[in-house]
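Listing of input-v3.pdb, PDB, C-alpha atoms and all ligand atoms
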```
ATOM      1  CA  MET A 287     -65.439 -20.062  38.548
ATOM      2  CA  LEU A 288     -65.375 -23.331  40.433
ATOM      3  CA  THR A 289     -68.636 -24.180  42.222
ATOM      4  CA  ILE A 290     -68.319 -26.385  45.313
ATOM      5  CA  GLY A 291     -71.424 -28.089  46.712
ATOM      6  CA  LEU A 292     -71.091 -28.433  50.490
ATOM      7  CA  THR A 293     -73.320 -31.086  52.004
ATOM      8  CA  GLY A 294     -73.667 -33.305  55.056
ATOM      9  CA  GLY A 295     -76.223 -34.690  57.502
ATOM     10  CA  ILE A 296     -78.385 -32.605  59.774
ATOM     11  CA  ALA A 297     -76.369 -30.672  62.375
ATOM     12  CA  SER A 298     -73.120 -32.044  60.947
ATOM     13  CA  GLY A 299     -71.703 -28.501  60.750
ATOM     14  CA  LYS A 300     -72.458 -27.225  57.232
ATOM     15  CA  THR A 301     -73.226 -23.676  58.421
ATOM     16  CA  THR A 302     -70.235 -23.606  60.767
ATOM     17  CA  ILE A 303     -67.967 -24.719  57.925
ATOM     18  CA  SER A 304     -69.437 -22.314  55.380
ATOM     19  CA  ASN A 305     -68.850 -19.467  57.868
ATOM     20  CA  LEU A 306     -65.182 -20.467  58.034
ATOM     21  CA  PHE A 307     -64.953 -20.389  54.213
ATOM     22  CA  SER A 308     -66.562 -16.926  54.369
ATOM     23  CA  SER A 309     -63.864 -15.790  56.735
ATOM     24  CA  HIS A 310     -61.352 -16.606  53.955
ATOM     25  CA  GLY A 311     -63.317 -14.232  51.691
ATOM     26  CA  VAL A 312     -65.060 -17.014  49.771
ATOM     27  CA  PRO A 313     -68.623 -16.233  48.623
ATOM     28  CA  VAL A 314     -71.197 -18.579  50.150
ATOM     29  CA  ILE A 315     -74.733 -19.318  49.009
ATOM     30  CA  ASP A 316     -76.721 -21.264  51.591
ATOM     31  CA  THR A 317     -79.816 -22.898  50.109
ATOM     32  CA  ASP A 318     -81.223 -23.304  53.637
ATOM     33  CA  ILE A 319     -81.174 -19.526  54.025
ATOM     34  CA  LEU A 320     -82.773 -19.104  50.593
ATOM     35  CA  SER A 321     -85.514 -21.533  51.559
ATOM     36  CA  ARG A 322     -86.112 -19.645  54.829
ATOM     37  CA  HIS A 323     -86.489 -16.363  52.895
ATOM     38  CA  LEU A 324     -88.976 -18.042  50.596
ATOM     39  CA  LEU A 325     -91.109 -18.736  53.679
ATOM     40  CA  ASP A 326     -91.206 -15.084  54.776
ATOM     41  CA  ILE A 327     -94.651 -13.512  54.752
ATOM     42  CA  ASP A 328     -96.058 -13.158  51.235
ATOM     43  CA  GLN A 329     -93.027 -14.693  49.515
ATOM     44  CA  PRO A 330     -93.935 -17.348  46.899
ATOM     45  CA  GLY A 331     -92.998 -20.245  49.204
ATOM     46  CA  TYR A 332     -95.102 -18.792  52.024
ATOM     47  CA  ARG A 333     -98.206 -18.761  49.891
ATOM     48  CA  GLU A 334     -97.703 -22.347  48.682
ATOM     49  CA  VAL A 335     -96.930 -23.716  52.145
ATOM     50  CA  VAL A 336     -99.885 -22.008  53.843
ATOM     51  CA  GLN A 337    -102.171 -23.170  51.063
ATOM     52  CA  HIS A 338    -101.036 -26.768  51.558
ATOM     53  CA  PHE A 339    -100.555 -27.003  55.350
ATOM     54  CA  GLY A 340    -103.287 -24.570  56.362
ATOM     55  CA  ASN A 341    -103.459 -21.776  58.943
ATOM     56  CA  LYS A 342    -102.506 -24.176  61.737
ATOM     57  CA  ILE A 343     -98.899 -23.675  60.649
ATOM     58  CA  LEU A 344     -99.083 -19.905  61.305
ATOM     59  CA  GLN A 345     -98.131 -18.004  64.439
ATOM     60  CA  SER A 346    -100.326 -15.164  65.734
ATOM     61  CA  ASP A 347     -98.160 -12.647  63.803
ATOM     62  CA  ARG A 348     -98.918 -14.572  60.523
ATOM     63  CA  GLN A 349     -95.327 -15.825  60.245
ATOM     64  CA  ILE A 350     -94.901 -19.518  59.476
ATOM     65  CA  ASN A 351     -93.926 -21.377  62.629
ATOM     66  CA  ARG A 352     -90.758 -22.922  61.185
ATOM     67  CA  ARG A 353     -90.054 -25.092  64.187
ATOM     68  CA  GLN A 354     -93.547 -26.589  64.012
ATOM     69  CA  LEU A 355     -93.196 -27.078  60.255
ATOM     70  CA  ARG A 356     -89.860 -28.834  60.705
ATOM     71  CA  VAL A 357     -91.232 -31.204  63.355
ATOM     72  CA  LEU A 358     -94.322 -31.836  61.218
ATOM     73  CA  VAL A 359     -92.417 -32.831  58.096
ATOM     74  CA  PHE A 360     -89.851 -34.909  59.942
ATOM     75  CA  SER A 361     -92.635 -36.954  61.539
ATOM     76  CA  ASP A 362     -94.479 -37.566  58.239
ATOM     77  CA  LYS A 363     -92.638 -38.677  55.101
ATOM     78  CA  ASN A 364     -95.460 -37.660  52.741
ATOM     79  CA  GLN A 365     -95.590 -34.141  54.130
ATOM     80  CA  LYS A 366     -91.808 -33.904  53.849
ATOM     81  CA  LYS A 367     -91.996 -34.933  50.200
ATOM     82  CA  MET A 368     -94.772 -32.407  49.602
ATOM     83  CA  LEU A 369     -92.781 -29.553  51.172
ATOM     84  CA  GLU A 370     -89.775 -30.454  49.009
ATOM     85  CA  THR A 371     -91.933 -30.592  45.876
ATOM     86  CA  LEU A 372     -93.300 -27.126  46.652
ATOM     87  CA  LEU A 373     -90.028 -25.428  47.491
ATOM     88  CA  HIS A 374     -87.226 -27.126  45.517
ATOM     89  CA  PRO A 375     -87.979 -25.610  42.097
ATOM     90  CA  MET A 376     -87.996 -22.100  43.642
ATOM     91  CA  ILE A 377     -84.764 -22.706  45.578
ATOM     92  CA  PHE A 378     -83.098 -24.214  42.489
ATOM     93  CA  GLU A 379     -83.935 -21.209  40.335
ATOM     94  CA  GLU A 380     -82.788 -18.707  42.971
ATOM     95  CA  THR A 381     -79.524 -20.615  43.553
ATOM     96  CA  GLN A 382     -78.771 -20.717  39.827
ATOM     97  CA  HIS A 383     -79.456 -16.989  39.585
ATOM     98  CA  ARG A 384     -77.173 -16.162  42.540
ATOM     99  CA  ILE A 385     -74.285 -18.359  41.320
ATOM    100  CA  ALA A 386     -74.366 -16.481  38.012
ATOM    101  CA  GLN A 387     -73.891 -13.177  39.862
ATOM    102  CA  HIS A 388     -70.487 -14.182  41.288
ATOM    103  CA  SER A 389     -67.080 -14.089  39.657
ATOM    104  CA  ALA A 390     -64.699 -15.248  42.439
ATOM    105  CA  SER A 391     -62.122 -18.019  42.031
ATOM    106  CA  TYR A 392     -64.565 -20.386  43.617
ATOM    107  CA  ILE A 393     -67.830 -20.332  45.485
ATOM    108  CA  ILE A 394     -69.342 -22.540  48.192
ATOM    109  CA  VAL A 395     -72.982 -23.552  47.816
ATOM    110  CA  VAL A 396     -74.491 -25.239  50.878
ATOM    111  CA  ILE A 397     -76.990 -27.861  49.688
ATOM    112  CA  PRO A 398     -78.269 -30.302  52.355
ATOM    113  CA  LEU A 399     -79.936 -32.651  49.822
ATOM    114  CA  LEU A 400     -77.240 -32.352  47.161
ATOM    115  CA  PHE A 401     -77.034 -36.006  46.123
ATOM    116  CA  LYS A 402     -80.780 -36.599  46.039
ATOM    117  CA  THR A 403     -81.632 -33.700  43.764
ATOM    118  CA  ARG A 404     -80.833 -32.027  40.473
ATOM    119  CA  PHE A 405     -78.823 -29.452  42.472
ATOM    120  CA  GLN A 406     -75.866 -31.684  41.577
ATOM    121  CA  SER A 407     -76.023 -30.188  38.094
ATOM    122  CA  LEU A 408     -75.093 -26.773  39.564
ATOM    123  CA  VAL A 409     -71.779 -27.825  41.113
ATOM    124  CA  ASP A 410     -68.349 -28.855  39.831
ATOM    125  CA  ARG A 411     -67.203 -30.649  42.989
ATOM    126  CA  THR A 412     -68.768 -31.950  46.180
ATOM    127  CA  LEU A 413     -67.440 -31.402  49.703
ATOM    128  CA  VAL A 414     -69.020 -33.701  52.304
ATOM    129  CA  VAL A 415     -68.918 -33.158  56.068
ATOM    130  CA  ASN A 416     -67.822 -36.253  57.938
ATOM    131  CA  CYS A 417     -69.353 -36.386  61.395
ATOM    132  CA  SER A 418     -70.509 -39.388  63.459
ATOM    133  CA  GLU A 419     -74.187 -39.883  64.196
ATOM    134  CA  SER A 420     -73.581 -39.628  67.923
ATOM    135  CA  THR A 421     -72.023 -36.170  67.461
ATOM    136  CA  GLN A 422     -74.888 -35.123  65.174
ATOM    137  CA  ILE A 423     -77.423 -36.215  67.815
ATOM    138  CA  GLU A 424     -75.545 -34.396  70.573
ATOM    139  CA  ARG A 425     -75.365 -31.152  68.541
ATOM    140  CA  LEU A 426     -78.963 -31.392  67.360
ATOM    141  CA  ILE A 427     -80.313 -31.831  70.881
ATOM    142  CA  SER A 428     -78.238 -29.014  72.281
ATOM    143  CA  ARG A 429     -78.898 -26.579  69.398
ATOM    144  CA  ASP A 430     -82.622 -27.234  68.852
ATOM    145  CA  ASP A 431     -83.606 -28.353  72.347
ATOM    146  CA  ILE A 432     -85.406 -31.479  71.097
ATOM    147  CA  GLU A 433     -85.911 -34.985  72.468
ATOM    148  CA  ILE A 434     -83.336 -37.650  71.650
ATOM    149  CA  GLY A 435     -86.057 -39.756  69.919
ATOM    150  CA  LEU A 436     -86.842 -36.984  67.438
ATOM    151  CA  ALA A 437     -83.134 -36.331  66.830
ATOM    152  CA  ARG A 438     -82.632 -40.037  66.019
ATOM    153  CA  GLU A 439     -85.683 -40.049  63.760
ATOM    154  CA  MET A 440     -84.437 -36.983  61.856
ATOM    155  CA  ILE A 441     -81.085 -38.631  61.236
ATOM    156  CA  ALA A 442     -82.643 -41.986  60.318
ATOM    157  CA  GLN A 443     -84.722 -40.298  57.598
ATOM    158  CA  GLN A 444     -81.600 -38.994  55.888
ATOM    159  CA  TRP A 445     -78.959 -40.804  53.922
ATOM    160  CA  SER A 446     -76.288 -42.451  56.039
ATOM    161  CA  ASN A 447     -72.899 -40.751  56.298
ATOM    162  CA  GLU A 448     -71.379 -43.708  54.434
ATOM    163  CA  GLU A 449     -73.678 -43.150  51.453
ATOM    164  CA  ARG A 450     -72.795 -39.458  51.279
ATOM    165  CA  LEU A 451     -69.086 -40.061  51.765
ATOM    166  CA  SER A 452     -69.016 -42.641  48.987
ATOM    167  CA  LEU A 453     -70.088 -39.930  46.531
ATOM    168  CA  ALA A 454     -67.814 -37.168  47.829
ATOM    169  CA  ASP A 455     -65.050 -35.591  45.780
ATOM    170  CA  ASP A 456     -63.670 -34.056  48.985
ATOM    171  CA  ILE A 457     -64.304 -34.745  52.679
ATOM    172  CA  ILE A 458     -63.988 -32.451  55.669
ATOM    173  CA  ASP A 459     -63.895 -33.951  59.176
ATOM    174  CA  ASN A 460     -66.032 -32.253  61.793
ATOM    175  CA  ASP A 461     -66.331 -34.804  64.549
ATOM    176  CA  ARG A 462     -65.187 -34.084  68.074
ATOM    177  CA  ASN A 463     -61.457 -33.437  68.380
ATOM    178  CA  HIS A 464     -60.950 -32.446  64.765
ATOM    179  CA  ASP A 465     -59.266 -29.147  64.001
ATOM    180  CA  LEU A 466     -61.932 -27.690  61.762
ATOM    181  CA  GLU A 467     -60.155 -24.416  61.016
ATOM    182  CA  THR A 468     -57.116 -26.265  59.696
ATOM    183  CA  GLY A 469     -59.379 -28.551  57.633
ATOM    184  CA  VAL A 470     -61.118 -25.570  56.027
ATOM    185  CA  ALA A 471     -57.826 -23.747  55.405
ATOM    186  CA  SER A 472     -56.456 -26.807  53.647
ATOM    187  CA  GLN A 473     -59.549 -27.193  51.413
ATOM    188  CA  HIS A 474     -59.432 -23.451  50.683
ATOM    189  CA  LYS A 475     -55.865 -23.786  49.443
ATOM    190  CA  LYS A 476     -56.810 -26.767  47.311
ATOM    191  CA  TYR A 477     -59.804 -25.008  45.725
ATOM    192  CA  LEU A 478     -57.737 -21.915  44.953
ATOM    193  CA  SER A 479     -55.160 -24.053  43.200
ATOM    194  CA  LEU A 480     -57.849 -25.953  41.278
ATOM    195  CA  SER A 481     -59.479 -22.709  40.180
ATOM    196  CA  TYR A 482     -56.193 -20.990  39.327
ATOM    197  CA  PRO A 483     -55.828 -22.349  35.784
ATOM    198  CA  THR A 484     -59.231 -20.915  34.859
ATOM    199  CA  THR A 485     -59.165 -17.549  36.656
ATOM    200  CA  GLY A 486     -55.647 -16.845  37.835
ATOM    201  CA  ILE A 487     -56.824 -14.469  40.576
ATOM    202  CA  GLU A 488     -57.029 -14.310  44.363
ATOM    203  CA  ARG A 489     -54.068 -16.567  45.088
TER     204      ARG A 489
HETATM  205  P1  LIG B 501     -78.527 -28.128  59.723
HETATM  206  O1  LIG B 501     -78.441 -29.447  59.029
HETATM  207  O2  LIG B 501     -79.593 -28.167  60.779
HETATM  208  O3  LIG B 501     -78.663 -26.978  58.801
HETATM  209  P2  LIG B 501     -75.693 -27.728  59.983
HETATM  210  O4  LIG B 501     -75.175 -28.927  59.282
HETATM  211  O5  LIG B 501     -75.617 -26.419  59.253
HETATM  212  O6  LIG B 501     -77.154 -27.939  60.543
HETATM  213  P3  LIG B 501     -74.424 -26.343  62.177
HETATM  214  O7  LIG B 501     -75.636 -25.518  62.475
HETATM  215  O8  LIG B 501     -73.254 -25.688  61.553
HETATM  216  O9  LIG B 501     -74.864 -27.629  61.341
HETATM  217  O10 LIG B 501     -73.917 -27.071  63.491
HETATM  218  C1  LIG B 501     -74.839 -27.740  64.346
HETATM  219  C2  LIG B 501     -74.526 -27.363  65.788
HETATM  220  O11 LIG B 501     -73.266 -27.931  66.118
HETATM  221  C3  LIG B 501     -74.409 -25.855  66.003
HETATM  222  O12 LIG B 501     -74.920 -25.552  67.280
HETATM  223  C4  LIG B 501     -72.898 -25.620  65.932
HETATM  224  O13 LIG B 501     -72.517 -24.502  66.703
HETATM  225  C5  LIG B 501     -72.342 -26.922  66.500
HETATM  226  N1  LIG B 501     -71.049 -27.267  65.897
HETATM  227  C6  LIG B 501     -70.780 -27.475  64.587
HETATM  228  N2  LIG B 501     -69.488 -27.776  64.396
HETATM  229  C7  LIG B 501     -68.910 -27.751  65.613
HETATM  230  C8  LIG B 501     -67.588 -27.981  66.101
HETATM  231  N3  LIG B 501     -66.578 -28.301  65.289
HETATM  232  N4  LIG B 501     -67.359 -27.852  67.432
HETATM  233  C9  LIG B 501     -68.369 -27.540  68.268
HETATM  234  N5  LIG B 501     -69.645 -27.319  67.896
HETATM  235  C10 LIG B 501     -69.920 -27.422  66.586
END
```
Could you take the file, read its structure, and then write that structure out as structure tokens?
Ligand code: ATP
Amino acid sequence: MLTIGLTGGIASGKTTISNLFSSHGVPVIDTDILSRHLLDIDQPGYREVVQHFGNKILQSDRQINRRQLRVLVFSDKNQKKMLETLLHPMIFEETQHRIAQHSASYIIVVIPLLFKTRFQSLVDRTLVVNCSESTQIERLISRDDIEIGLAREMIAQQWSNEERLSLADDIIDNDRNHDLETGVASQHKKYLSLSYPTTGIER
């Protein structure tokens, strides 16, 4: 089975694109979703995060206030690093476990920090979302209802699109005016043909 690591900047469209792959019947593992589950009450990530950040990060129903956590780590590099150190080993292990459960022609694994982490070792090819910073900012503000300053800061803390694109095996355009469905359909066809020699199914 071919494992494709899908990555891109914040609000570039990773989830939107992975949903389109799903609609072609391709299994998708989203490490963002795994990390959210790890923060559910009494999950291992929950315990670690509350221990480190304290009760101030909790809502009245004891759930972690994810929005507050996100803002907190994006405004403090050390806290961001700490959160990653706490959660990445757990997410890595869970991702590895879930990949092993699949036997499709190929699988999409959404990994926001793919190139910065050992998650690269889990994938055969990388698919990078190409989207301009101005579009990212626009989508981030409208989706998360945040100030433009914070949106800019979030993007500035990440790798530039150029850096990511320079390491990509494949690129999918998701700026304004791009036909995303056609882009996904064309990658889908390519991945099926690349996986065909090893599996010979689902053509
Ligand atoms: P994050 O980095 O926060 O996980 P993401 O990369 O998964 O985000 P999405 O959530 O898929 O990005 O997209 C960000 C926002 O932009 C969403 O509100 C989504 O609906 C919108 N969006 C993504 N792609 C398109 C598109 N081609 N046309 C219009 N809106 C889009």
Spatial neighbours of A:Ser418, 9 Å, all atoms listed in the file, chain gap at least 3 places, as a PDB file with C-alpha atoms, in the coordinates of the input:
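Just written: part-v2.pdb:
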```pdb
ATOM      1  CA  SER A 298     -73.120 -32.044  60.947  1.00  0.00           C
ATOM      2  CA  THR A 421     -72.023 -36.170  67.461  1.00  0.00           C
ATOM      3  CA  GLN A 422     -74.888 -35.123  65.174  1.00  0.00           C
ATOM      4  CA  ILE A 423     -77.423 -36.215  67.815  1.00  0.00           C
ATOM      5  CA  ASN A 447     -72.899 -40.751  56.298  1.00  0.00           C
ATOM      6  CA  ASN A 460     -66.032 -32.253  61.793  1.00  0.00           C
ATOM      7  CA  ASP A 461     -66.331 -34.804  64.549  1.00  0.00           C
ATOM      8  CA  ARG A 462     -65.187 -34.084  68.074  1.00  0.00           C
TER       9      ARG A 462
END
```
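If all atoms listed in the file are the atoms counted, then among A:Gln387, A:Ser446, A:Ser308, A:Ser428 the closest residue to ligand LIG 501 (chain B) is A:Ser428.
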message: With distances taken over all atoms listed in the file, which residue among A:Ile394, A:Thr381, A:Ser321, A:Ser452 lies nearest A:Ser304?
response: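 Of all the options, A:Ile394 lies closest to A:Ser304.
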Which distance in Å separates atom O8 of ligand LIG 501 (chain B) and atom CA of A:Ala297, to one decimal?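 Atom CA of A:Ala297 lies at a distance of 5.9 Å from atom O8 of ligand LIG 501 (chain B).
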Pick out the residues no farther than 9 Å from ligand LIG 501 (chain B), counting all atoms listed in the file, and list them as number ranges by chain. A: 293-305, 318, 396, 398, 415, 421-422, 424-430, 459-467
Serialized selection, C-alpha atoms, as a CSV table (one decimal), in the frame of the given file:
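Okay, this is what ended up in out37.csv:
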```csv
chain,number,residue,atom,x,y,z
A,293,THR,CA,-73.3,-31.1,52.0
A,294,GLY,CA,-73.7,-33.3,55.1
A,295,GLY,CA,-76.2,-34.7,57.5
A,296,ILE,CA,-78.4,-32.6,59.8
A,297,ALA,CA,-76.4,-30.7,62.4
A,298,SER,CA,-73.1,-32.0,60.9
A,299,GLY,CA,-71.7,-28.5,60.8
A,300,LYS,CA,-72.5,-27.2,57.2
A,301,THR,CA,-73.2,-23.7,58.4
A,302,THR,CA,-70.2,-23.6,60.8
A,303,ILE,CA,-68.0,-24.7,57.9
A,304,SER,CA,-69.4,-22.3,55.4
A,305,ASN,CA,-68.8,-19.5,57.9
A,318,ASP,CA,-81.2,-23.3,53.6
A,396,VAL,CA,-74.5,-25.2,50.9
A,398,PRO,CA,-78.3,-30.3,52.4
A,415,VAL,CA,-68.9,-33.2,56.1
A,421,THR,CA,-72.0,-36.2,67.5
A,422,GLN,CA,-74.9,-35.1,65.2
A,424,GLU,CA,-75.5,-34.4,70.6
A,425,ARG,CA,-75.4,-31.2,68.5
A,426,LEU,CA,-79.0,-31.4,67.4
A,427,ILE,CA,-80.3,-31.8,70.9
A,428,SER,CA,-78.2,-29.0,72.3
A,429,ARG,CA,-78.9,-26.6,69.4
A,430,ASP,CA,-82.6,-27.2,68.9
A,459,ASP,CA,-63.9,-34.0,59.2
A,460,ASN,CA,-66.0,-32.3,61.8
A,461,ASP,CA,-66.3,-34.8,64.5
A,462,ARG,CA,-65.2,-34.1,68.1
A,463,ASN,CA,-61.5,-33.4,68.4
A,464,HIS,CA,-61.0,-32.4,64.8
A,465,ASP,CA,-59.3,-29.1,64.0
A,466,LEU,CA,-61.9,-27.7,61.8
A,467,GLU,CA,-60.2,-24.4,61.0
```
Exercise. Which residues fall under the PyMOL selection byres (((chain A and resi 389) around 10) and not hetatm) in this file, as a PyMOL selection string?
Worked result: chain A and resi 287-288+313+385-388+390-393+485
Report the residues retrieved by the PyMOL selection byres (((chain A and resi 328-340) around 10) and not hetatm) from the displayed file, expressed as a compact mmCIF listing (two decimals) with C-alpha atoms, in the frame of the given file.
```
# COMPACT_ATOMS: atom_id res chain seq x y z
CA SER A 321 -85.51 -21.53 51.56
CA ARG A 322 -86.11 -19.64 54.83
CA HIS A 323 -86.49 -16.36 52.90
CA LEU A 324 -88.98 -18.04 50.60
CA LEU A 325 -91.11 -18.74 53.68
CA ASP A 326 -91.21 -15.08 54.78
CA ILE A 327 -94.65 -13.51 54.75
CA ASN A 341 -103.46 -21.78 58.94
CA LYS A 342 -102.51 -24.18 61.74
CA ILE A 343 -98.90 -23.68 60.65
CA LEU A 344 -99.08 -19.90 61.30
CA ARG A 348 -98.92 -14.57 60.52
CA GLN A 349 -95.33 -15.82 60.24
CA ILE A 350 -94.90 -19.52 59.48
CA LEU A 355 -93.20 -27.08 60.26
CA LEU A 358 -94.32 -31.84 61.22
CA GLN A 365 -95.59 -34.14 54.13
CA MET A 368 -94.77 -32.41 49.60
CA LEU A 369 -92.78 -29.55 51.17
CA LEU A 372 -93.30 -27.13 46.65
CA LEU A 373 -90.03 -25.43 47.49
CA HIS A 374 -87.23 -27.13 45.52
CA MET A 376 -88.00 -22.10 43.64
CA ILE A 377 -84.76 -22.71 45.58
```
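For the atom pair formed by atom CA of A:Val314 and atom CA of A:Val409, the distance is 12.9 Å, given to one decimal.
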Which residues, written as a list in words, have at least one atom at most 7 Å from A:Val395, with all atoms listed in the file counted and residues fewer than 5 positions away on the same chain left out? Ile290, Gly291, Leu292, Val314, Ile315 and Asp316 of chain A
- Query: For the atom pair atom CA of A:Lys402 and atom CA of A:Met440, what is the interatomic distance in Å to one decimal place?
  - Reply: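 So the two atoms, atom CA of A:Lys402 and atom CA of A:Met440, lie 16.2 Å apart.
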In terms of only C-alpha atoms, the residue from A:Ile432, A:Glu379, A:Thr403, A:Val312 at minimal distance from A:Arg356 is A:Ile432
From the list A:Arg404, A:His310, A:Glu370, A:Phe378, the nearest residue to A:Leu478 using all atoms listed in the file is A:His310
**Residue nearest A:His474 among A:Leu413, A:Leu408, A:Leu400, A:Ala442 (counting only C-alpha atoms)** =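 Among the listed residues, A:Leu413 lies closest to A:His474.
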